[in-house]
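Chemist: Please see the structure below; I have some questions.
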Amino acid sequence: MTDAPGSPSASRLATPSWLDGRLVLGVLLVLISVLVGAKVLAGADSSQQVWSARHALAPGTVLVTDDLELTKVRLFDTSGRYLAGPAPVGYVVLRSVGTHELLPHDALAAPGKQVERRQVTVAVAFGHLPTDLRAGDVVDVYVTPDDKAVRRGTRGVDLTVPRLVLPDVVVAKVTRSSGLTSSGQTVPVVVTVDPSQVLTLVQALADGPIDLVRVPDAHLSPLATATPEP
């Protein structure tokens, strides 16, 4: 009889060592993932607080605390356009500002700063302006050149089609007669413009009929309006 072969010795799992290369690599990968995730989350919150209008503001309004509120929004590369920091109390509103609209620098004049503006009266035919147009509204001014303007000609200007003369013009006054129903009547509308825009507007008045197109709040970019966070 031959002797039975001996039983093989049982293999035992070795106790892992902290110096095991795979274990160290795994721990490092977890730590790196956690750090990268934390950095991404921190960078995602790029919101900032800027000033906005608590309610609608008319041109010429001198801002007080009750006119203002802080709004937290994400502005990305347009952050420099809007007011942040100390409250702009005492600033003068240069154009109409809607409720909860963010306050851009170019819509306000600093306290004590002389604002150079001019008022020009535009005669607009009935049907060529909003029927409920009022002071404080913002309009785009268009002109449709007539035959005289085409014959006269202006270098660099296409007088064969209507054109935009000035965008975002503030209406200062609208004068209506009580019986304004005829298309042959005109409405005197006083608009406020920069001194540099006066010549452009006066030239347009000589070129042909004027149309005033109201600029509603809807024209504002989503970045320009926001609801304050509670």
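Identifiers in this document derive from the order of the structure tokens: chains are assigned A, B, ..., residues are numbered from 1 separately in each chain, and ligands are numbered from 1 in order of occurrence.
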Could you pull the residues within 12 Å of Arg176 (chain A), counting only C-alpha atoms, minus those fewer than 3 positions along the same chain, as a short mmCIF file (atom, residue, chain, number, x, y, z; two decimals) with C-alpha atoms, in the first residue's frame?
Modeler:
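Dumped everything to selection.cif:
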data_model
loop_
_atom_site.label_atom_id
_atom_site.label_comp_id
_atom_site.auth_asym_id
_atom_site.auth_seq_id
_atom_site.Cartn_x
_atom_site.Cartn_y
_atom_site.Cartn_z
CA ALA A 123 -44.92 115.70 -33.94
CA VAL A 124 -46.23 112.18 -34.44
CA ALA A 125 -49.23 111.35 -36.61
CA PHE A 126 -52.18 109.60 -35.02
CA LEU A 129 -47.51 105.95 -31.55
CA THR A 131 -52.52 105.31 -27.83
CA ASP A 132 -51.68 105.18 -24.11
CA LEU A 133 -48.18 106.61 -24.39
CA ARG A 134 -47.29 108.67 -21.32
CA LYS A 173 -44.48 114.78 -22.08
CA GLY A 179 -61.08 114.79 -29.69
CA LEU A 180 -58.06 113.00 -31.13
CA THR A 181 -59.65 110.48 -33.50
CA GLN A 185 -54.01 114.91 -36.56
CA THR A 186 -50.64 114.83 -34.86
CA VAL A 187 -49.60 114.38 -31.24
CA PRO A 188 -46.77 116.56 -29.88
CA VAL A 189 -44.45 114.31 -27.90
CA VAL A 190 -41.51 115.75 -25.96
#
Chemist: I'd like the neighbourhood of region 90-94 of chain A as a count of residues only, where a residue qualifies if any of its atoms comes within 6 Å (using only C-alpha atoms), though same-chain residues fewer than 3 positions away should be ignored.
Modeler: 10
Chemist: Name all residues at most 7 Å from Leu70 (chain A) (count only C-alpha atoms; drop same-chain ones fewer than 4 positions away) and give them as a list in words.
Modeler: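 These residues fall inside the cut-off: Gln49, Val50, Trp51 and Ser52 of chain A.
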Chemist: Can you measure CA of Thr99 (chain A) to CA of Ala53 (chain A) for me? One decimal in Å is fine.
Modeler: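 Computing it gives 5.6 Å between the two atoms.
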Chemist: DSSP on the backbone: which residues in region 73-205 of chain A end up as strand (DSSP E)? Give the answer as a PyMOL selection string.
Modeler: chain A and resi 73+92-93+108-109+118-125+138-143+163-174+186-193
Chemist: Please identify which residues in region 28-103 of chain A DSSP calls helix (DSSP H, G or I) from the backbone, and express them as a list of chain:residue names.
Modeler: A:Leu28, A:Leu29, A:Val30, A:Leu31, A:Ile32, A:Ser33, A:Val34, A:Leu35, A:Val36, A:Gly37, A:Ala38, A:Lys39, A:Val40, A:Leu41, A:Ala42, A:Gly43, A:Ala44, A:Thr65, A:Asp66, A:Asp67, A:Phe76, A:Asp77, A:Thr78, A:Ser79, A:Gly80, A:Arg81
Chemist: With C-alpha atoms retained, export the selected residues as a PDB file, in the first residue's frame.
Modeler:
ATOM      1  CA  LEU A  28      -5.508  59.141  -2.803  1.00  0.00           C
ATOM      2  CA  LEU A  29      -8.066  58.798  -5.582  1.00  0.00           C
ATOM      3  CA  VAL A  30     -10.935  59.202  -3.099  1.00  0.00           C
ATOM      4  CA  LEU A  31      -9.334  62.296  -1.560  1.00  0.00           C
ATOM      5  CA  ILE A  32      -8.728  63.852  -4.970  1.00  0.00           C
ATOM      6  CA  SER A  33     -12.349  63.207  -5.998  1.00  0.00           C
ATOM      7  CA  VAL A  34     -13.629  64.849  -2.817  1.00  0.00           C
ATOM      8  CA  LEU A  35     -11.410  67.912  -3.275  1.00  0.00           C
ATOM      9  CA  VAL A  36     -12.325  68.325  -6.935  1.00  0.00           C
ATOM     10  CA  GLY A  37     -16.049  67.974  -6.169  1.00  0.00           C
ATOM     11  CA  ALA A  38     -15.849  70.575  -3.401  1.00  0.00           C
ATOM     12  CA  LYS A  39     -14.063  72.998  -5.713  1.00  0.00           C
ATOM     13  CA  VAL A  40     -16.639  72.518  -8.477  1.00  0.00           C
ATOM     14  CA  LEU A  41     -19.520  73.122  -6.069  1.00  0.00           C
ATOM     15  CA  ALA A  42     -17.863  76.236  -4.672  1.00  0.00           C
ATOM     16  CA  GLY A  43     -17.283  77.613  -8.158  1.00  0.00           C
ATOM     17  CA  ALA A  44     -20.861  76.880  -9.210  1.00  0.00           C
ATOM     18  CA  THR A  65     -33.702 103.666   0.676  1.00  0.00           C
ATOM     19  CA  ASP A  66     -37.302 102.583   0.045  1.00  0.00           C
ATOM     20  CA  ASP A  67     -36.652 102.582  -3.733  1.00  0.00           C
ATOM     21  CA  PHE A  76     -21.384  86.057 -15.348  1.00  0.00           C
ATOM     22  CA  ASP A  77     -19.432  88.485 -17.592  1.00  0.00           C
ATOM     23  CA  THR A  78     -21.958  91.351 -17.223  1.00  0.00           C
ATOM     24  CA  SER A  79     -21.396  91.908 -13.508  1.00  0.00           C
ATOM     25  CA  GLY A  80     -19.563  95.178 -14.084  1.00  0.00           C
ATOM     26  CA  ARG A  81     -22.640  96.737 -15.683  1.00  0.00           C
TER      27      ARG A  81
END
Chemist: Would you kindly return, as a PDB file with C-alpha atoms, in the first residue's frame, each protein, DNA or RNA residue with an atom no farther than 8 Å from any atom of Val141 (chain A), considering only C-alpha atoms and excluding same-chain residues fewer than 5 positions away?
Modeler:
ATOM      1  CA  LEU A 164     -34.172 103.304 -36.572  1.00  0.00           C
ATOM      2  CA  VAL A 165     -33.136 106.818 -35.561  1.00  0.00           C
ATOM      3  CA  LEU A 166     -32.607 106.475 -31.802  1.00  0.00           C
ATOM      4  CA  PRO A 167     -33.277 103.553 -29.432  1.00  0.00           C
ATOM      5  CA  VAL A 169     -35.547 107.404 -25.763  1.00  0.00           C
ATOM      6  CA  ILE A 210     -41.912 109.588 -37.336  1.00  0.00           C
ATOM      7  CA  ASP A 211     -43.025 106.424 -35.558  1.00  0.00           C
ATOM      8  CA  LEU A 212     -42.628 105.896 -31.811  1.00  0.00           C
ATOM      9  CA  VAL A 213     -42.452 102.262 -30.738  1.00  0.00           C
TER      10      VAL A 213
END
Chemist: For Asp194 (chain A), find every residue with an atom within 9 Å (counting only C-alpha atoms), except residues of its own chain fewer than 5 positions away, and show them as an NGL selection string.
Modeler: :A and (116-119)
Chemist: Skip Pro209 (chain A) itself and residues of its chain fewer than 4 positions away, then list as a PDB file with N, CA and C atoms, in the first residue's frame all residues within 9 Å of it, counting only C-alpha atoms.
Modeler:
ATOM      1  N   ALA A 123     -43.520 115.776 -33.527  1.00  0.00           N
ATOM      2  CA  ALA A 123     -44.922 115.700 -33.939  1.00  0.00           C
ATOM      3  C   ALA A 123     -45.148 114.343 -34.598  1.00  0.00           C
ATOM      4  N   VAL A 124     -45.997 113.541 -33.969  1.00  0.00           N
ATOM      5  CA  VAL A 124     -46.226 112.175 -34.442  1.00  0.00           C
ATOM      6  C   VAL A 124     -47.675 112.032 -34.890  1.00  0.00           C
ATOM      7  N   ALA A 125     -47.879 111.510 -36.081  1.00  0.00           N
ATOM      8  CA  ALA A 125     -49.231 111.348 -36.611  1.00  0.00           C
ATOM      9  C   ALA A 125     -50.007 110.314 -35.811  1.00  0.00           C
ATOM     10  N   HIS A 128     -49.361 106.382 -35.225  1.00  0.00           N
ATOM     11  CA  HIS A 128     -47.929 106.083 -35.324  1.00  0.00           C
ATOM     12  C   HIS A 128     -47.243 106.136 -33.967  1.00  0.00           C
ATOM     13  N   TYR A 142     -38.357 105.817 -35.016  1.00  0.00           N
ATOM     14  CA  TYR A 142     -38.139 105.412 -36.402  1.00  0.00           C
ATOM     15  C   TYR A 142     -38.592 106.537 -37.334  1.00  0.00           C
ATOM     16  N   VAL A 143     -38.005 106.584 -38.521  1.00  0.00           N
ATOM     17  CA  VAL A 143     -38.425 107.542 -39.530  1.00  0.00           C
ATOM     18  C   VAL A 143     -38.590 106.814 -40.858  1.00  0.00           C
ATOM     19  N   THR A 144     -39.629 107.203 -41.600  1.00  0.00           N
ATOM     20  CA  THR A 144     -39.842 106.696 -42.953  1.00  0.00           C
ATOM     21  C   THR A 144     -39.592 107.851 -43.924  1.00  0.00           C
ATOM     22  N   PRO A 145     -38.458 107.873 -44.615  1.00  0.00           N
ATOM     23  CA  PRO A 145     -38.116 109.005 -45.485  1.00  0.00           C
ATOM     24  C   PRO A 145     -39.170 109.240 -46.560  1.00  0.00           C
ATOM     25  N   ASP A 146     -39.473 110.522 -46.799  1.00  0.00           N
ATOM     26  CA  ASP A 146     -40.415 110.871 -47.858  1.00  0.00           C
ATOM     27  C   ASP A 146     -39.656 111.215 -49.143  1.00  0.00           C
ATOM     28  N   ALA A 204     -33.857 113.614 -38.640  1.00  0.00           N
ATOM     29  CA  ALA A 204     -34.887 112.616 -38.921  1.00  0.00           C
ATOM     30  C   ALA A 204     -36.255 113.255 -39.068  1.00  0.00           C
ATOM     31  N   LEU A 205     -36.521 114.291 -38.271  1.00  0.00           N
ATOM     32  CA  LEU A 205     -37.807 114.987 -38.377  1.00  0.00           C
ATOM     33  C   LEU A 205     -37.972 115.632 -39.751  1.00  0.00           C
TER      34      LEU A 205
END
Chemist: Closest to Pro88 (chain A) among A:Val73, A:Leu102, A:Val64, A:Leu201, using only C-alpha atoms?
Modeler: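 Under the stated criterion, the closest residue is A:Val64.
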